[in-house]
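> One structure, as structure tokens, below. Some questions next.
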Amino acid sequence: MIEVNLELSIEKGREAVKRNDIAIVIDALRCSSTIITALANDVREIIPVETLDEAFKMRSNDSNIILVGERKGQKIDGFDLDNSPLKFITNEFRGKRIVITTTNGTSAIKQVEKCPMVLIGAFMNSNEVTKKALILAQKYQSGITILLAGRNHNFFLEDFLCAGLLSSKFKYANANLNDHALASMLSWERAECNIREIVKNSQHGRNLIEIGLEKDVDFCLNIDAFSVVPYLERNSIKIFSEGKI
Ligand code: MLT
């Protein structure tokens with residue numbers, strides 16, 4: 001039976017590495033959703049970095065690189081784009097390489113980079129990411145850790161609810177859920193009918209709306225809008241394909 005562990009804060013990613021679990025990183029608002037949308041719109045690869053220095057250094061080595069990211073939700077000086085998934089609903093970035101740094105999402109990805117496989121999940125790809133994680137867990141005979149990016153080492157409600165959506169699918173597939181995963185599933189079942197209103201009233205939802213980003217929040221809540229599953233390999237995020245299994 002596959003064990004599904006939900007970890008509520010970035011540093012708990014270490015436990016996933018120790019367990020050798022397949023990791024799913026969730027930062028529904030907005031890092032995961034931006035990565036999914038960019039790859040679905042033919043961006044070639046996305047390189048996650050934690051600091052602005054790293055991002056600028058990468059561009060000084062390759063002037064074609066597009067710098068994407070945020071601090072306090074806003075575009076960073078000298079960057080090309082903020083962390084809005086809506087910016088990628090275009091074919092303008094087809095074939096491009098992107099470097100991304102966000103406050104929590106990219107650090108969460110880094111935290112589990114030594115897991116046998118790291119997938120990126122959000123409301124936008126919940127079906128596919130759970131399917132791929134189950135196949136991989138069977139292949140590697142491992143468990144699955146859902147790691148929440150949250151903020152400043154605390155979970156964000158929208159990430160917890162997204163984990164609940166994934167957990168409900170894992171439960172349906174007969175996986176064993178740890179108590180955090182079970183609690184997230186129960187919360188999801190309570191919130192599902194009203195998910196937009198609940199997320200818009202969450203701390204992060206309210207912050208984004210206050211800085212004029214309500215459209216981003218709405219967009220990120222389009223459940224299963226995409227079937228792409230991003231995965232991390234040697235510090236590069238690309239679309240996962242069956243050939244990798
Ligand atoms: C983060 O990594 O903290 C988020 O993606 C922030 C955001 O852009 O909403």
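Labeling convention for the structure tokens: chains A, B, ... as they appear, residues from 1 per chain, ligands from 1 in order of appearance.
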Set the cut-off to 10 Å, count only C-alpha atoms and all ligand atoms, and list whatever residues fall near ligand 1 as number ranges by chain.

A: 26-35, 50, 69-75, 82-85, 100-109, 149-152, 156, 204-205, 207-208, 213, 216-217

> Write out as a PDB file with C-alpha atoms, in the first residue's frame which residues come within 10 Å of Ala181 (chain A) when counting only C-alpha atoms, dropping same-chain ones fewer than 3 positions away.


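The result, stored in out-v9.pdb:
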```pdb
ATOM      1  CA  VAL A   4       1.035   9.517   1.367  1.00  0.00           C
ATOM      2  CA  ASN A   5       2.625  12.029   3.748  1.00  0.00           C
ATOM      3  CA  LEU A   6       1.591  15.644   3.806  1.00  0.00           C
ATOM      4  CA  GLU A   7       4.292  17.978   5.182  1.00  0.00           C
ATOM      5  CA  LEU A   8       3.082  21.440   6.129  1.00  0.00           C
ATOM      6  CA  THR A 145       5.215  13.387   0.105  1.00  0.00           C
ATOM      7  CA  ILE A 146       3.069  16.413  -0.642  1.00  0.00           C
ATOM      8  CA  PHE A 160      -3.601  22.860   2.361  1.00  0.00           C
ATOM      9  CA  LEU A 161      -6.892  22.644   0.435  1.00  0.00           C
ATOM     10  CA  ALA A 163      -3.247  19.021  -0.846  1.00  0.00           C
ATOM     11  CA  GLY A 164      -6.710  17.887   0.271  1.00  0.00           C
ATOM     12  CA  LEU A 165      -7.873  17.629  -3.331  1.00  0.00           C
ATOM     13  CA  LEU A 166      -4.820  15.498  -4.177  1.00  0.00           C
ATOM     14  CA  SER A 167      -5.245  13.432  -1.007  1.00  0.00           C
ATOM     15  CA  SER A 168      -8.860  12.646  -1.894  1.00  0.00           C
ATOM     16  CA  PHE A 170      -4.875   9.226  -3.423  1.00  0.00           C
ATOM     17  CA  LYS A 171      -7.440   7.867  -0.969  1.00  0.00           C
ATOM     18  CA  ASN A 176      -2.713   5.279   3.168  1.00  0.00           C
ATOM     19  CA  LEU A 177      -2.867   8.946   4.204  1.00  0.00           C
ATOM     20  CA  ASN A 178      -0.973  10.341   7.201  1.00  0.00           C
ATOM     21  CA  SER A 184      -6.506  18.188   4.367  1.00  0.00           C
ATOM     22  CA  MET A 185      -8.870  15.815   2.582  1.00  0.00           C
ATOM     23  CA  LEU A 186     -11.603  16.445   5.143  1.00  0.00           C
ATOM     24  CA  SER A 187     -11.087  20.215   4.754  1.00  0.00           C
TER      25      SER A 187
END
```

> Rounded to one decimal place, report the CA of Ala55 (chain A)-CA of Ile120 (chain A) distance in Å.

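Computing the Euclidean distance for CA of Ala55 (chain A) and CA of Ile120 (chain A) yields 20.3 Å.
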
> Residues of region 93-130 of chain A classed as strand (DSSP E) by DSSP on the backbone are to be reported as a list of chain:residue names.

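Restricting region 93-130 of chain A to strand (DSSP E) produces A:Arg97, A:Ile98, A:Val99, A:Ile100, A:Thr101, A:Met117, A:Val118, A:Leu119, A:Ile120, A:Gly121.
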
> Could you give me the residues within region 38-214 of chain A that DSSP places in alpha helix (DSSP H), as a ChimeraX atom specification?

/A:38-40,52-61,105-111,126-140,157-172,179-191,195-200,203-210,214

> Might you pull out every residue within 9 Å of Ile46 (chain A), with only C-alpha atoms counted and same-chain residues fewer than 4 positions away left off, and present them as a ChimeraX atom specification?

/A:35,38-39,96-100,235-238

> Save the residues we just selected, N, CA and C atoms, as a compact mmCIF listing (two decimals), in the first residue's frame?


```
# COMPACT_ATOMS: atom_id res chain seq x y z
N ILE A 35 4.42 27.83 -13.18
CA ILE A 35 5.29 26.84 -13.85
C ILE A 35 4.46 25.95 -14.78
N ALA A 38 3.28 27.99 -17.85
CA ALA A 38 4.39 28.31 -18.77
C ALA A 38 4.76 27.08 -19.60
N LEU A 39 4.87 25.92 -18.96
CA LEU A 39 5.24 24.72 -19.72
C LEU A 39 4.12 24.30 -20.66
N LYS A 96 11.57 29.11 -25.00
CA LYS A 96 12.49 29.93 -24.17
C LYS A 96 12.89 29.21 -22.89
N ARG A 97 14.01 29.66 -22.34
CA ARG A 97 14.46 29.19 -21.02
C ARG A 97 14.11 30.29 -20.02
N ILE A 98 13.55 29.84 -18.90
CA ILE A 98 13.13 30.79 -17.88
C ILE A 98 13.87 30.50 -16.58
N VAL A 99 14.27 31.54 -15.88
CA VAL A 99 14.78 31.38 -14.51
C VAL A 99 13.73 31.99 -13.60
N ILE A 100 13.32 31.24 -12.57
CA ILE A 100 12.27 31.74 -11.68
C ILE A 100 12.75 31.77 -10.23
N ASN A 235 18.20 20.39 -11.68
CA ASN A 235 17.86 21.81 -11.55
C ASN A 235 17.16 22.44 -12.76
N SER A 236 16.47 21.60 -13.51
CA SER A 236 15.71 22.14 -14.64
C SER A 236 14.31 21.52 -14.58
N ILE A 237 13.28 22.36 -14.72
CA ILE A 237 11.91 21.85 -14.67
C ILE A 237 11.37 21.76 -16.09
N LYS A 238 10.91 20.56 -16.44
CA LYS A 238 10.34 20.32 -17.77
C LYS A 238 9.05 19.53 -17.62
```

> May I ask for the distance between CA of Met117 (chain A) and CA of Glu15 (chain A), given in Å to one decimal place?

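It comes out at 14.3 Å.
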
> Which residues come within 10 Å of region 16-20 of chain A, counting only C-alpha atoms, excluding same-chain residues fewer than 3 positions away, as an MDAnalysis selection string?

chainID A and resid 5:7 11:13 23:24 111:117 140:147

> Tell me, in Å to one decimal, how far CA of Glu54 (chain A) is from CA of Asn154 (chain A).

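Answer for the CA of Glu54 (chain A) to CA of Asn154 (chain A) separation: 25.3 Å.
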